[in-house]
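Here is the structure we will look at, set down as structure tokens.
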Amino acid sequence: MSFFTNYDAYIPEENPIIEEPPRALLPCIDIETQSPVFNLGSPEIHISGMNGALKRKPQLNTAATKLINTAGFVPGWKPFWPKLKTFGLTFPAGIDFLPVKEEKQHDDNLRSIAPPKPKKSVEDGEVRKKTTKIKPPSNALSVEDRLFYVLQPPLETWLRGQELIMPFEPYPYQYDGIGWLFSQQSALLADEMGLGKTMQMITAMRLLLRAGKVRRALLVCPKPLIPNWQREFKLWAEEIPITTLEGDTNRRKMIWQIPGSMVLLANYEVVVRDFMAMHEDDRPQFDLVVLDEAQRIKNRDSVTAKMIHQIPRKRSVCMTGTPIENRAEEMISLFEFMDVIPAHSSPDIRQLSQLSKEYILRRTKEIVKDDLPPRIDRDEIIELVPAQQSAYKIAEEEGVFRLNEMGDSISIQHVFELVLRLKQICNADPYTGESCKLDRLIADMEEVSASGGKAILFSQWTKTLDMLAEKTKQFGCLVYHGGVPHKKREPILTQFKEDPDAHLILMSYGTGAVGLNLQFAGYVFLYDRWWNPAVEDQAINRAHRIGATPSQIIVSKFICKDTIEERIDLVLRQKRELFQRVLGEGDNDNDSHSLNAGEIFGLFDLKARSGNTSKSIGPRPAKSDAA
Amino acid sequence: MSQVEKHSFHFGFLRVAQTELGFVGGILVTNSMGRPLEFQCTTPVRPNKTQEILYGPTLEPFLYSELIGKTLLERLNVKPSLVVIQQDSLLDLRLHIDMPVACIVPSDSKQAVLADQTRIQLGRQLLKFHPNFPDDHQLVAQQQSIIPDDAELGEPLDRVKDALQETMKSGAVA
């Protein structure tokens, strides 16, 4: 128990005693002025006028209070963190493909390909590394969509040696194109001819399938290009099974409905015919539809465009080297297919220009020249049109039968004649003049002329060149072969060089292969193949000289599928490779590259009948590999 | 190693970043080839003044490891086999989870040249482990053969950084 002073003592009581102020403080009244006068001389008043009560001793009262046995308020702190919220994204399960079986080293259909030589940087001598990050498309609004693309690995690490085997290292601009195609819901790839649109599209499809974004895709192309796509898929994405829409109606109907087919390949005519026959509800759905040579649907009132627009799909990609052939309005149908404008709308030029910036990727040789080698070779594998197929089949069967009948009396001349006959049919059907190569050439030339380019075409027959001259007048074509008088030849070359409307010159291997300098031409077409790749190289060198050619040259070799041309091409490639391996790259002018008698006989499986047995006719083909 | 075992080895790439709104963390789970399987990120955490004073220098390791890192690991549906980090403050995450945590040793760091039994080369990166868990080194060494020699383990952490920027920009986690 303790006592202490309590401040309550200061609190005035309820009825305080009010004392009268001391008299000394009361003012006196001056009689003259009638104003109050204080008596300052009194000791009771301070000079400051303060009340003397301040001097009075305070009254102190004391009271007893209880002691407390706990401490009073103690400020406390406890660590508290609010529960963290999270945001998540699970990626769709991609398709895992079975590893592709390793091919035998000496498979006749394959040739070994030397990998491209990596570029060395000058400073440190190490390989310069560039990474291509996939950017989310500008129209991806949801954060999940954007994160899907942001979190994908850079293309180089995705493709190179880790998960996807690539036969060649893509060029840097091709990585950019692949990444762009991967991320776009709607896209038009309009690279100039020869820059690898096909490869970029296949690789993007491959990545989309792996990432689970696409499970079923449809690829529509002109009929003659079907073999080309099959071949390119085999080269760039061997693990992806391709199903080609072919055969009769019932068979095609079954193929359309097969659920497991990942990539369907069809020509425009088949798609139009089959979709017209299908009820709307029965039409198959696709995650991705790709149109090659998409200018086929430029007229949106055409049946083809109308049916193609109706294919149910999530992603739409167009490919063409000539997005605008004549009028800017031609783009409208393509944009309608790409779902970036409403159906039947009519955007003006300004809107089209804006859409083009967003949805079209176009690179020319000039833009990507630093990435490209000086010469790009591309094989265009084309399917014969029905008239050619029929003529070819008859000619081959009859020719081989006749050679077999000849038995041992057969000579190289006889075989050679048959080869020439079949090659001519590959160039054009002798009865109708129809030609798959001509169709392809016109499509390619539309791209060349649209970009203001110039091309040289080589054939071994003047008859073929004359036929082509008739059919390619729209490209301002000129003819230069042995039948042209000497005095007219120089003006033709001058016109080809100077006339901006002259996009094509047709030459024979014999006349145009040597002595001419046409290095302003960026494209070379080998309409048919010569017997000796050295002669072909000489012809190509009219347009291309290492160090002297201002820009890259693109060499297209037309090869008809399932014909003698494929077999000749294979033999020529093997010979060229053998010589390059043994003698190096510089040996291009060697006559021994030519097909020898054994190799020409080997183009056919000739057998002479002798009683009930048969034996091979002709000299044995030389082994192509020294090993 | 069988295909199944190869495919079941998953990486978790974890990163914490300081933004204007506070600390945010993100983790990306990939397969052994770097293909993304799952991504999780947190809302921003901003310590107040009292927390800053009272936690002192332990604030950052606490935020990084115990608060953000542990939460993210708990939320994952696809559990990684190895958590890869680049920030030392995250190394203590190992004290709170039951899987190895490996920190990338910067190639220009003096630590990179030190001889150390608890480090391992995986792909192009040198990794160090928490000193209290010496067995982690052995566990990761067993998986060394499935990781290509030219694998860049630092690259997915850049993707996490980009993804965090994207989520902050879109306001998804703000």
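Chain labels run A, B, ... following the order of the structure tokens; each chain numbers its residues from 1, and ligands are numbered from 1 in the order shown.
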How close does each residue of chain B get to chain A, giving the shortest atom pair and distance in Å to one decimal for every residue with an atom at most 9 Å away, counting only C-alpha atoms, sorted by chain and residue number, as a Markdown table?
| residue | atom | partner | partner_atom | distance |
| --- | --- | --- | --- | --- |
| B:Leu28 | CA | A:Leu151 | CA | 8.1 |
| B:Met33 | CA | A:Gln162 | CA | 6.2 |
| B:Gly34 | CA | A:Pro153 | CA | 6.6 |
| B:Arg35 | CA | A:Pro153 | CA | 6.5 |
| B:Pro36 | CA | A:Gln152 | CA | 6.4 |
| B:Leu37 | CA | A:Phe91 | CA | 5.1 |
| B:Glu38 | CA | A:Thr90 | CA | 4.4 |
| B:Phe39 | CA | A:Leu89 | CA | 5.2 |
| B:Gln40 | CA | A:Gly88 | CA | 4.2 |
| B:Cys41 | CA | A:Phe87 | CA | 5.3 |
| B:Thr42 | CA | A:Thr86 | CA | 4.2 |
| B:Thr43 | CA | A:Lys85 | CA | 5.5 |
| B:Pro44 | CA | A:Leu84 | CA | 8.3 |
| B:Val45 | CA | A:Leu84 | CA | 7.7 |
| B:Pro47 | CA | A:Trp81 | CA | 8.6 |
| B:Gln51 | CA | A:Pro79 | CA | 7.6 |
| B:Leu67 | CA | A:Leu84 | CA | 7.9 |
| B:Ile68 | CA | A:Leu84 | CA | 7.6 |
| B:Thr71 | CA | A:Leu84 | CA | 7.3 |
| B:Leu72 | CA | A:Thr86 | CA | 7.4 |
| B:Arg75 | CA | A:Thr86 | CA | 7.8 |
| B:Leu76 | CA | A:Gly88 | CA | 8.4 |
| B:Asn77 | CA | A:Thr90 | CA | 8.5 |
| B:Val78 | CA | A:Thr90 | CA | 8.9 |
| B:Pro148 | CA | A:Gln162 | CA | 7.3 |
| B:Ala151 | CA | A:Thr157 | CA | 7.9 |
| B:Glu152 | CA | A:Thr157 | CA | 8.5 |
| B:Glu155 | CA | A:Pro153 | CA | 8.2 |
| B:Pro156 | CA | A:Pro153 | CA | 7.2 |
| B:Arg159 | CA | A:Leu151 | CA | 5.5 |
| B:Val160 | CA | A:Leu151 | CA | 7.1 |
| B:Asp162 | CA | A:Val150 | CA | 6.9 |
| B:Ala163 | CA | A:Leu147 | CA | 6.1 |
| B:Glu166 | CA | A:Leu147 | CA | 7.3 |
| B:Thr167 | CA | A:Val143 | CA | 6.7 |
| B:Ser170 | CA | A:Val143 | CA | 6.6 |
| B:Gly171 | CA | A:Val143 | CA | 8.9 |
| B:Ala172 | CA | A:Val143 | CA | 7.1 |
| B:Val173 | CA | A:Phe87 | CA | 6.7 |
Grab the residues selected above and save them as a PDB file, in the first residue's frame with C-alpha atoms.
ATOM      1  CA  LEU B  28       8.529 -21.677 -65.485  1.00  0.00           C
ATOM      2  CA  MET B  33      14.551 -29.650 -73.785  1.00  0.00           C
ATOM      3  CA  GLY B  34      13.296 -26.305 -72.517  1.00  0.00           C
ATOM      4  CA  ARG B  35       9.738 -26.614 -73.859  1.00  0.00           C
ATOM      5  CA  PRO B  36       7.309 -24.876 -71.458  1.00  0.00           C
ATOM      6  CA  LEU B  37       4.874 -26.958 -69.427  1.00  0.00           C
ATOM      7  CA  GLU B  38       3.592 -24.576 -66.749  1.00  0.00           C
ATOM      8  CA  PHE B  39       4.077 -21.025 -65.558  1.00  0.00           C
ATOM      9  CA  GLN B  40       3.049 -19.473 -62.248  1.00  0.00           C
ATOM     10  CA  CYS B  41       3.626 -15.961 -60.978  1.00  0.00           C
ATOM     11  CA  THR B  42       2.687 -14.044 -57.835  1.00  0.00           C
ATOM     12  CA  THR B  43       0.964 -10.765 -57.176  1.00  0.00           C
ATOM     13  CA  PRO B  44       3.392  -8.044 -56.049  1.00  0.00           C
ATOM     14  CA  VAL B  45       4.487  -8.002 -52.391  1.00  0.00           C
ATOM     15  CA  PRO B  47       7.036  -4.751 -47.347  1.00  0.00           C
ATOM     16  CA  GLN B  51       8.829  -4.910 -41.831  1.00  0.00           C
ATOM     17  CA  LEU B  67       7.290 -16.081 -49.137  1.00  0.00           C
ATOM     18  CA  ILE B  68       7.472 -16.006 -52.950  1.00  0.00           C
ATOM     19  CA  THR B  71       4.341 -20.225 -52.512  1.00  0.00           C
ATOM     20  CA  LEU B  72       5.058 -20.665 -56.208  1.00  0.00           C
ATOM     21  CA  ARG B  75       0.982 -23.871 -56.496  1.00  0.00           C
ATOM     22  CA  LEU B  76       2.603 -25.817 -59.326  1.00  0.00           C
ATOM     23  CA  ASN B  77       0.705 -28.690 -60.859  1.00  0.00           C
ATOM     24  CA  VAL B  78       3.766 -29.998 -62.674  1.00  0.00           C
ATOM     25  CA  PRO B 148      22.765 -31.369 -74.093  1.00  0.00           C
ATOM     26  CA  ALA B 151      21.966 -26.146 -73.350  1.00  0.00           C
ATOM     27  CA  GLU B 152      21.638 -22.601 -72.020  1.00  0.00           C
ATOM     28  CA  GLU B 155      17.919 -18.546 -71.142  1.00  0.00           C
ATOM     29  CA  PRO B 156      14.576 -19.719 -69.647  1.00  0.00           C
ATOM     30  CA  ARG B 159      11.717 -15.831 -70.524  1.00  0.00           C
ATOM     31  CA  VAL B 160      10.442 -15.674 -66.937  1.00  0.00           C
ATOM     32  CA  ASP B 162       9.794 -11.220 -69.988  1.00  0.00           C
ATOM     33  CA  ALA B 163       6.671 -13.013 -68.787  1.00  0.00           C
ATOM     34  CA  GLU B 166       4.034  -8.962 -69.633  1.00  0.00           C
ATOM     35  CA  THR B 167       1.851  -9.819 -66.641  1.00  0.00           C
ATOM     36  CA  SER B 170      -1.396  -6.317 -68.568  1.00  0.00           C
ATOM     37  CA  GLY B 171      -2.306  -5.855 -64.911  1.00  0.00           C
ATOM     38  CA  ALA B 172      -3.086  -9.549 -64.577  1.00  0.00           C
ATOM     39  CA  VAL B 173      -1.418  -9.776 -61.190  1.00  0.00           C
TER      40      VAL B 173
END
Any idea what's packed within 10 Å of region 442-449 of chain A, counting only C-alpha atoms, ignoring anything in its chain fewer than 4 positions away? Could you give it as a PyMOL selection string? chain A and resi 190-194+293+320-325+437-438+453-455+468+471-472+474-476+500-504+522-523+525+556
Near Gln138 (chain B), within 12 Å and counting only C-alpha atoms, which residues show up once chain neighbours fewer than 6 positions away are dropped, as a list in words?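 Here the answer would be Pro100, Ala102, Gln117, Thr118, Arg119, Ile120, Lys128, Phe129 and Gln144 of chain B.
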Can you tell me which residues surround Tyr173 (chain A) at a distance of at most 10 Å, considering only C-alpha atoms, apart from same-chain residues fewer than 2 positions away, and format the answer as number ranges by chain? A: 132, 170-171, 175-179, 195-196, 200, 363, 367-372
Next, the residues of the selection above should be written as a PDB file, in the first residue's frame with C-alpha atoms.
ATOM      1  CA  THR A 132      14.861 -15.400 -82.450  1.00  0.00           C
ATOM      2  CA  PRO A 170      17.724 -21.895 -91.668  1.00  0.00           C
ATOM      3  CA  TYR A 171      18.921 -18.420 -92.627  1.00  0.00           C
ATOM      4  CA  TYR A 175      13.987 -17.861 -88.424  1.00  0.00           C
ATOM      5  CA  ASP A 176      12.160 -14.529 -88.300  1.00  0.00           C
ATOM      6  CA  GLY A 177       9.552 -15.816 -90.738  1.00  0.00           C
ATOM      7  CA  ILE A 178       9.045 -19.064 -88.816  1.00  0.00           C
ATOM      8  CA  GLY A 179       8.594 -17.171 -85.531  1.00  0.00           C
ATOM      9  CA  LEU A 195      13.488 -17.471-100.407  1.00  0.00           C
ATOM     10  CA  GLY A 196      12.007 -20.599 -98.839  1.00  0.00           C
ATOM     11  CA  GLN A 200       9.244 -21.658 -93.308  1.00  0.00           C
ATOM     12  CA  ARG A 363      11.057 -10.033 -97.980  1.00  0.00           C
ATOM     13  CA  ILE A 367      16.349  -7.142 -98.308  1.00  0.00           C
ATOM     14  CA  VAL A 368      17.903 -10.416 -97.171  1.00  0.00           C
ATOM     15  CA  LYS A 369      20.977 -10.401 -99.398  1.00  0.00           C
ATOM     16  CA  ASP A 370      23.361 -10.438 -96.438  1.00  0.00           C
ATOM     17  CA  ASP A 371      21.870 -13.716 -95.242  1.00  0.00           C
ATOM     18  CA  LEU A 372      21.837 -15.519 -98.571  1.00  0.00           C
TER      19      LEU A 372
END
Could you state the separation of CA of Ser65 (chain B) and CA of Gln165 (chain B) in Å, given to one decimal place? 20.4 Å
Residues near Val484 (chain A), anyone? I mean within 12 Å using only C-alpha atoms, not counting same-chain ones fewer than 2 positions away, as a list in words.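 Skipping anything fewer than 2 positions along the chain leaves Thr462, Leu465, Asp466, Leu478, Val479, Tyr480, His481, Gly482, His486, Lys487, Lys488, Arg489, Glu490, Pro491, Ile492, Leu493, Leu506, Met507, Ser508, Thr511 and Gly512 of chain A.
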With DSSP run on the backbone, what are the strand (DSSP E or B) residues within region 231-458 of chain A? I'd like them as a ChimeraX atom specification. /A:242-244,263-267,286-292,313-319,360-361,375-382,455-458
Tell me, as a ChimeraX atom specification, which residues lie within 10 Å of His96 (chain B), counting only C-alpha atoms; anything in the same chain fewer than 6 positions away does not count. /B:65-66,69-70,73
With C-alpha atoms retained, export the selected residues as a PDB file, in the first residue's frame.
ATOM      1  CA  SER B  65      12.638 -17.821 -50.636  1.00  0.00           C
ATOM      2  CA  GLU B  66      10.049 -18.321 -47.960  1.00  0.00           C
ATOM      3  CA  GLY B  69       9.530 -19.064 -53.893  1.00  0.00           C
ATOM      4  CA  LYS B  70       7.807 -21.465 -51.546  1.00  0.00           C
ATOM      5  CA  LEU B  73       6.404 -24.175 -55.715  1.00  0.00           C
TER       6      LEU B  73
END
Could you pull out the alpha helix (DSSP H) residues of region 12-171 of chain B from DSSP and send them as JSON, numbers by chain? {"B": [49, 50, 51, 52, 53, 54, 55, 59, 60, 61, 70, 71, 72, 73, 74, 75, 135, 136, 137, 138, 139, 140, 141, 142, 155, 156, 157, 158, 159, 160, 161, 162, 163, 164, 165, 166, 167, 168, 169, 170]}
Distance in Å - CA of Leu157 (chain B) versus CA of Ile202 (chain A):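 Value for the CA of Leu157 (chain B)-CA of Ile202 (chain A) distance: 28.9 Å.
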Spatial neighbours of region 227-239 of chain A, max dist 10 Å, only C-alpha atoms, sep filter under 3 positions, as a PyMOL selection string: chain A and resi 96-101+110+164-168+198-200+202-203+205-206+219+221+223-224+242-244+265+292+379-383+559-562
